[in-house]
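Q: Mind looking over this structure? Questions follow.
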Amino acid sequence: MDKYQDTLAKFETELDDEVVKAETARIITEGFDENNTTETLKFSLGCIDLTSLNPTDNDERIRLFTERVNLFEEAYPELDNVASICVYPNFAETVSTFLDADNVHTTVVSAGFPSSQTFPEIKVAECSLAVAAGANEVDIVINVGQMLAGCYEEMCDTIQECKEACRDAIFKVILETGALKKASLIAKASVLAMYSGADFIKTSTGKIDIAATPEAAYVMCRMIKAYYEKTGTRVGFKVAGGVRTPEDAVKYYTIVKTVLGEEWLTKDLYRIGASSAANNLLSAIVGEPTKHFL
């Protein structure tokens with residue numbers, strides 16, 4: 001048995017999809033009303049990685065995108081700003097140059113995002129270049145094809161090499177749960193990503209038809225808890241792809257709070273990858289439509 005199979009054998013990963021679906025529904029049903037508060041929405045807004053990943057992005061648009069984050073503190077001094085600005089790696093320097101807001105990071109998606117189908121050397125180089133350009137958070141995608149084929153060593157070796165290339169940057173690993181589909185595969189991918197050095201595990205790229213789901217979030221949070229109990233290492237959780245409404249935010253908040261506990265309810269351990277959700281949450285908080293963020 002190799003070290004990856006040995007690691008997986010330490011965790012309960014053979015999960016039944018119908019049981020997961022039922023348990024996730026129970027958690028949301030029992031906890032939604034209690035957590036559907038303005039304070040939850042304010043907290044969720046402060047956990048957003050405000051995202052622009054468009055083929056039409058350019059330096060000027062990203063500069064303006066960043067400027068809206070800079071202006072947030074003056075416009076809404078009573079609220080926490082977003083956690084980071086998330087862009088393609090070629091815009092890391094633009095964001096880091098123009099970002100003046102306190103406690104907001106520069107995040108990039110890297111390493112062959114969104115498909116992860118390129119040479120490992122390119123993935124590692126892209127991570128290194130992004131950090132050198134000012135990124136202090138890096139999100140990469142597992143090679144889903146290798147995961148599905150059971151090629152764990154190849155997949156994990158690349159994750160570990162990217163981790164090293166990111167140096168001190170926060171390192172998030174995207175599982176692309178919509179492609180994995182089955183709860184058991186999501187559970188296995190969660191363990192392998194954490195074992196390979198992920199500071200966060202993240203649901204989705206948002207670039208395929210099935211993005212984040214509450215069921216995937218439940219499985220990932222369950223494995224984060226199990227990993228912490230066995231290793232003492234706290235790994236963060238990031239939901240991304242399809243999180244748009246205040247109701248979506250409350251659902252995922254409820255799952256994290258129920259499965260992982262309130263100690264995970266900090267932007268150091270919980271993030272939401274989103275674009276439209278920021279304006280929608282802000283509108284719900286202030287009680288009127290607003291489009292502060294581009």
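Going by the structure tokens order, chains are called A, B, ..., each with residues numbered from 1, while ligands are numbered from 1 in the order shown.
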Would you mind listing what lies within 6 Å of Asp199 in chain A as a ChimeraX atom specification, with only C-alpha atoms counted and same-chain residues fewer than 2 positions away left out?
A: /A:171-172,235
Q: If we count only C-alpha atoms, what is near range 47-50 of chain A at a cut-off of 8 Å, once residues fewer than 6 positions away on the same chain are taken out, given as a PDB file with C-alpha atoms, in the first residue's frame?
A:
```pdb
ATOM      1  CA  VAL A  82     -14.132  41.674   1.303  1.00  0.00           C
ATOM      2  CA  ALA A  83     -11.325  39.247   2.152  1.00  0.00           C
ATOM      3  CA  SER A  84      -9.507  39.399  -1.178  1.00  0.00           C
ATOM      4  CA  ILE A  85      -9.643  40.216  -4.865  1.00  0.00           C
ATOM      5  CA  CYS A  86      -9.344  37.100  -7.043  1.00  0.00           C
ATOM      6  CA  THR A 107      -5.668  36.102  -4.811  1.00  0.00           C
ATOM      7  CA  THR A 266     -13.471  33.479  10.487  1.00  0.00           C
ATOM      8  CA  LYS A 267     -12.110  34.626   7.160  1.00  0.00           C
ATOM      9  CA  TYR A 270     -13.819  30.312   5.590  1.00  0.00           C
ATOM     10  CA  ARG A 271     -14.126  31.992   2.204  1.00  0.00           C
ATOM     11  CA  ILE A 272     -16.750  32.511  -0.463  1.00  0.00           C
ATOM     12  CA  GLY A 273     -15.592  32.828  -4.068  1.00  0.00           C
ATOM     13  CA  ALA A 274     -18.090  35.131  -5.737  1.00  0.00           C
ATOM     14  CA  SER A 275     -18.728  38.173  -7.888  1.00  0.00           C
ATOM     15  CA  ALA A 278     -21.036  40.821  -2.995  1.00  0.00           C
TER      16      ALA A 278
END
```
Q: I'd like the neighbourhood of Met147 in chain A as an MDAnalysis selection string, where a residue qualifies if any of its atoms comes within 10 Å (using only C-alpha atoms), though same-chain residues fewer than 2 positions away should be ignored.
A: chainID A and resid 142:145 149:156 175 180 185:186 188:189 192
Q: Could you give me, as a ChimeraX atom specification, the residues within 9 Å of Lys42 in chain A, counting only C-alpha atoms and dropping anything in the same chain fewer than 4 positions from it?
A: /A:37-38,46-47,79-80,281-282,285
Q: May I have the selected residues written with N, CA and C atoms, as a compact mmCIF listing (two decimals), in the first residue's frame?
A:
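Saved the output as result-v2.txt:
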```
# COMPACT_ATOMS: atom_id res chain seq x y z
N THR A 37 -29.69 35.96 9.47
CA THR A 37 -29.66 37.24 10.16
C THR A 37 -28.77 38.22 9.41
N THR A 38 -28.93 39.48 9.73
CA THR A 38 -28.07 40.51 9.14
C THR A 38 -26.62 40.28 9.53
N GLY A 46 -17.69 39.78 4.43
CA GLY A 46 -16.28 39.92 4.77
C GLY A 46 -15.44 38.70 4.45
N CYS A 47 -16.08 37.60 4.08
CA CYS A 47 -15.36 36.38 3.71
C CYS A 47 -15.24 36.18 2.20
N LEU A 79 -18.88 48.30 8.00
CA LEU A 79 -18.83 46.93 7.52
C LEU A 79 -17.40 46.49 7.24
N ASP A 80 -17.14 45.19 7.39
CA ASP A 80 -15.85 44.63 6.99
C ASP A 80 -15.80 44.54 5.47
N LEU A 281 -25.39 40.65 -1.30
CA LEU A 281 -25.30 40.67 0.16
C LEU A 281 -25.34 42.10 0.68
N LEU A 282 -24.58 42.98 0.05
CA LEU A 282 -24.55 44.37 0.48
C LEU A 282 -25.94 45.00 0.39
N ILE A 285 -28.01 43.83 3.26
CA ILE A 285 -27.55 44.41 4.53
C ILE A 285 -28.06 45.84 4.69
```
Q: Find the residues near Val20 in chain A: any atom within 9 Å, counting only C-alpha atoms, skip ones fewer than 2 places away on the same chain, and give them as a PyMOL selection string.
A: chain A and resi 15-18+22-25+183+215-216+218-219
Q: Could you write those residues out with C-alpha atoms, as a PDB file, in the first residue's frame?
A:
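The resulting file, out-v2.pdb, is reproduced below:
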```pdb
ATOM      1  CA  LEU A  15     -19.965   7.809   1.815  1.00  0.00           C
ATOM      2  CA  ASP A  16     -23.440   7.091   0.502  1.00  0.00           C
ATOM      3  CA  ASP A  17     -24.773   9.872  -1.729  1.00  0.00           C
ATOM      4  CA  GLU A  18     -28.370   9.547  -0.529  1.00  0.00           C
ATOM      5  CA  ALA A  22     -30.501  13.714   3.527  1.00  0.00           C
ATOM      6  CA  GLU A  23     -28.039  14.859   6.199  1.00  0.00           C
ATOM      7  CA  THR A  24     -27.268  18.073   4.298  1.00  0.00           C
ATOM      8  CA  ALA A  25     -30.971  18.838   3.926  1.00  0.00           C
ATOM      9  CA  ALA A 183     -19.532  11.930  -2.236  1.00  0.00           C
ATOM     10  CA  GLU A 215     -23.886  18.316  -0.418  1.00  0.00           C
ATOM     11  CA  ALA A 216     -20.298  18.802  -1.601  1.00  0.00           C
ATOM     12  CA  TYR A 218     -21.063  19.067   3.748  1.00  0.00           C
ATOM     13  CA  VAL A 219     -18.687  16.293   2.651  1.00  0.00           C
TER      14      VAL A 219
END
```
Q: Can you tell me how far CA of Ala217 in chain A sits from CA of Thr66 in chain A, in Å to one decimal?
A: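 Atom-to-atom, CA of Ala217 in chain A to CA of Thr66 in chain A, that is 28.8 Å.
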Q: Hey, which of A:Asn54, A:Thr233, A:Asn35, A:Thr40 ends up closest to Leu269 in chain A? Count only C-alpha atoms.
A: A:Thr233
Q: Could you find all residues in range 58-178 of chain A that DSSP calls alpha helix (DSSP H) from the backbone, and write them as a PyMOL selection string?
A: chain A and resi 59-75+92-98+120-132+144-149+152-165+177-178
Q: Taking the DSSP secondary structure from the backbone, can you list the residues of range 60-293 of chain A that are strand (DSSP E or B), as number ranges by chain?
A: A: 84-87, 105-109, 137-141, 170-174, 200-202, 236-240, 270-274
Q: Would you pick out the contacts of Val173 in chain A at 6 Å or less, using only C-alpha atoms, so that residues sharing its chain but fewer than 3 positions from it are not included, and give the list as a list in words?
A: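 Final neighbour list, sorted by chain and number: Asp139, Ile140, Val141, Ala198, Ile201 and Lys202 of chain A.
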Q: Go ahead and write the selection's residues with C-alpha atoms as a PDB file, in the first residue's frame.
A:
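Output (out-v2.pdb):
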```pdb
ATOM      1  CA  ASP A 139      -5.915  28.861  -5.823  1.00  0.00           C
ATOM      2  CA  ILE A 140      -5.055  25.828  -7.945  1.00  0.00           C
ATOM      3  CA  VAL A 141      -7.163  22.966  -9.323  1.00  0.00           C
ATOM      4  CA  ALA A 198      -3.655  22.704   1.152  1.00  0.00           C
ATOM      5  CA  ILE A 201      -9.904  23.169   0.119  1.00  0.00           C
ATOM      6  CA  LYS A 202     -12.322  24.767  -2.320  1.00  0.00           C
TER       7      LYS A 202
END
```
Q: Restrict the calculation to only C-alpha atoms, then for each residue of range 8-89 of chain A with any atom at most 8 Å from an atom of range 249-262 of chain A give the closest atom pair and their distance in Å to one decimal, rows by chain and rising residue number, as a tab-separated table.
A:
```
residue	atom	partner	partner_atom	distance
A:Thr24	CA	A:Ile255	CA	7.6
A:Ile27	CA	A:Ile255	CA	6.6
A:Ile28	CA	A:Lys251	CA	6.1
A:Gly31	CA	A:Thr254	CA	6.0
A:Phe32	CA	A:Thr254	CA	6.3
A:Asn35	CA	A:Val250	CA	6.5
A:Asn36	CA	A:Val250	CA	5.9
A:Thr40	CA	A:Val250	CA	6.9
A:Leu41	CA	A:Ala249	CA	7.2
A:Ser44	CA	A:Ala249	CA	6.6
```
Q: Output the selection as a PDB file, in the first residue's frame - N, CA and C atoms for each residue.
A:
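Generated file (result31.pdb):
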```pdb
ATOM      1  N   THR A  24     -27.449  16.668   4.678  1.00  0.00           N
ATOM      2  CA  THR A  24     -27.268  18.073   4.298  1.00  0.00           C
ATOM      3  C   THR A  24     -28.587  18.825   4.373  1.00  0.00           C
ATOM      4  N   ILE A  27     -29.482  19.516   8.029  1.00  0.00           N
ATOM      5  CA  ILE A  27     -28.694  20.600   8.615  1.00  0.00           C
ATOM      6  C   ILE A  27     -29.239  21.961   8.190  1.00  0.00           C
ATOM      7  N   ILE A  28     -29.539  22.101   6.914  1.00  0.00           N
ATOM      8  CA  ILE A  28     -30.041  23.387   6.414  1.00  0.00           C
ATOM      9  C   ILE A  28     -31.434  23.683   6.967  1.00  0.00           C
ATOM     10  N   GLY A  31     -31.128  24.618  10.716  1.00  0.00           N
ATOM     11  CA  GLY A  31     -30.318  25.769  11.104  1.00  0.00           C
ATOM     12  C   GLY A  31     -30.538  27.049  10.324  1.00  0.00           C
ATOM     13  N   PHE A  32     -31.255  26.979   9.199  1.00  0.00           N
ATOM     14  CA  PHE A  32     -31.349  28.146   8.323  1.00  0.00           C
ATOM     15  C   PHE A  32     -31.991  29.344   9.019  1.00  0.00           C
ATOM     16  N   ASN A  35     -29.858  31.154  11.518  1.00  0.00           N
ATOM     17  CA  ASN A  35     -28.683  31.823  10.959  1.00  0.00           C
ATOM     18  C   ASN A  35     -29.023  32.885   9.910  1.00  0.00           C
ATOM     19  N   ASN A  36     -30.277  33.001   9.564  1.00  0.00           N
ATOM     20  CA  ASN A  36     -30.690  33.964   8.545  1.00  0.00           C
ATOM     21  C   ASN A  36     -30.837  35.347   9.164  1.00  0.00           C
ATOM     22  N   THR A  40     -25.103  37.440  10.000  1.00  0.00           N
ATOM     23  CA  THR A  40     -24.570  36.385   9.125  1.00  0.00           C
ATOM     24  C   THR A  40     -24.222  36.952   7.760  1.00  0.00           C
ATOM     25  N   LEU A  41     -25.063  37.814   7.230  1.00  0.00           N
ATOM     26  CA  LEU A  41     -24.797  38.414   5.921  1.00  0.00           C
ATOM     27  C   LEU A  41     -23.566  39.319   5.974  1.00  0.00           C
ATOM     28  N   SER A  44     -20.551  37.072   6.087  1.00  0.00           N
ATOM     29  CA  SER A  44     -20.340  36.438   4.783  1.00  0.00           C
ATOM     30  C   SER A  44     -19.724  37.409   3.785  1.00  0.00           C
TER      31      SER A  44
END
```
Q: Rank A:His292, A:Lys21, A:Arg234, A:Lys181 by their smallest atom-to-atom distance to Asp209 in chain A, using only C-alpha atoms, and report the top residue only.
A: A:Lys181
Q: Using Å and a single decimal, report how far CA of Leu294 in chain A sits from CA of Glu247 in chain A.
A: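 Computing the Euclidean distance for CA of Glu247 in chain A and CA of Leu294 in chain A yields 21.2 Å.
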Q: For Asp100 in chain A, which of A:Asn81, A:Thr7, A:Thr290, A:Gln160 is the closest residue, counting only C-alpha atoms?
A: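 Residue with the minimum atom-to-atom distance to Asp100 in chain A: A:Asn81.
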Q: So, counting only C-alpha atoms, which residue among A:Lys163, A:Lys207, A:Lys123, A:Lys238 is closest to Ser190 in chain A?
A: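 That would be A:Lys238, the residue with the smallest distance to Ser190 in chain A.
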Q: What is the CA of Thr97 in chain A to CA of Ser52 in chain A distance in Å?
A: 16.6 Å
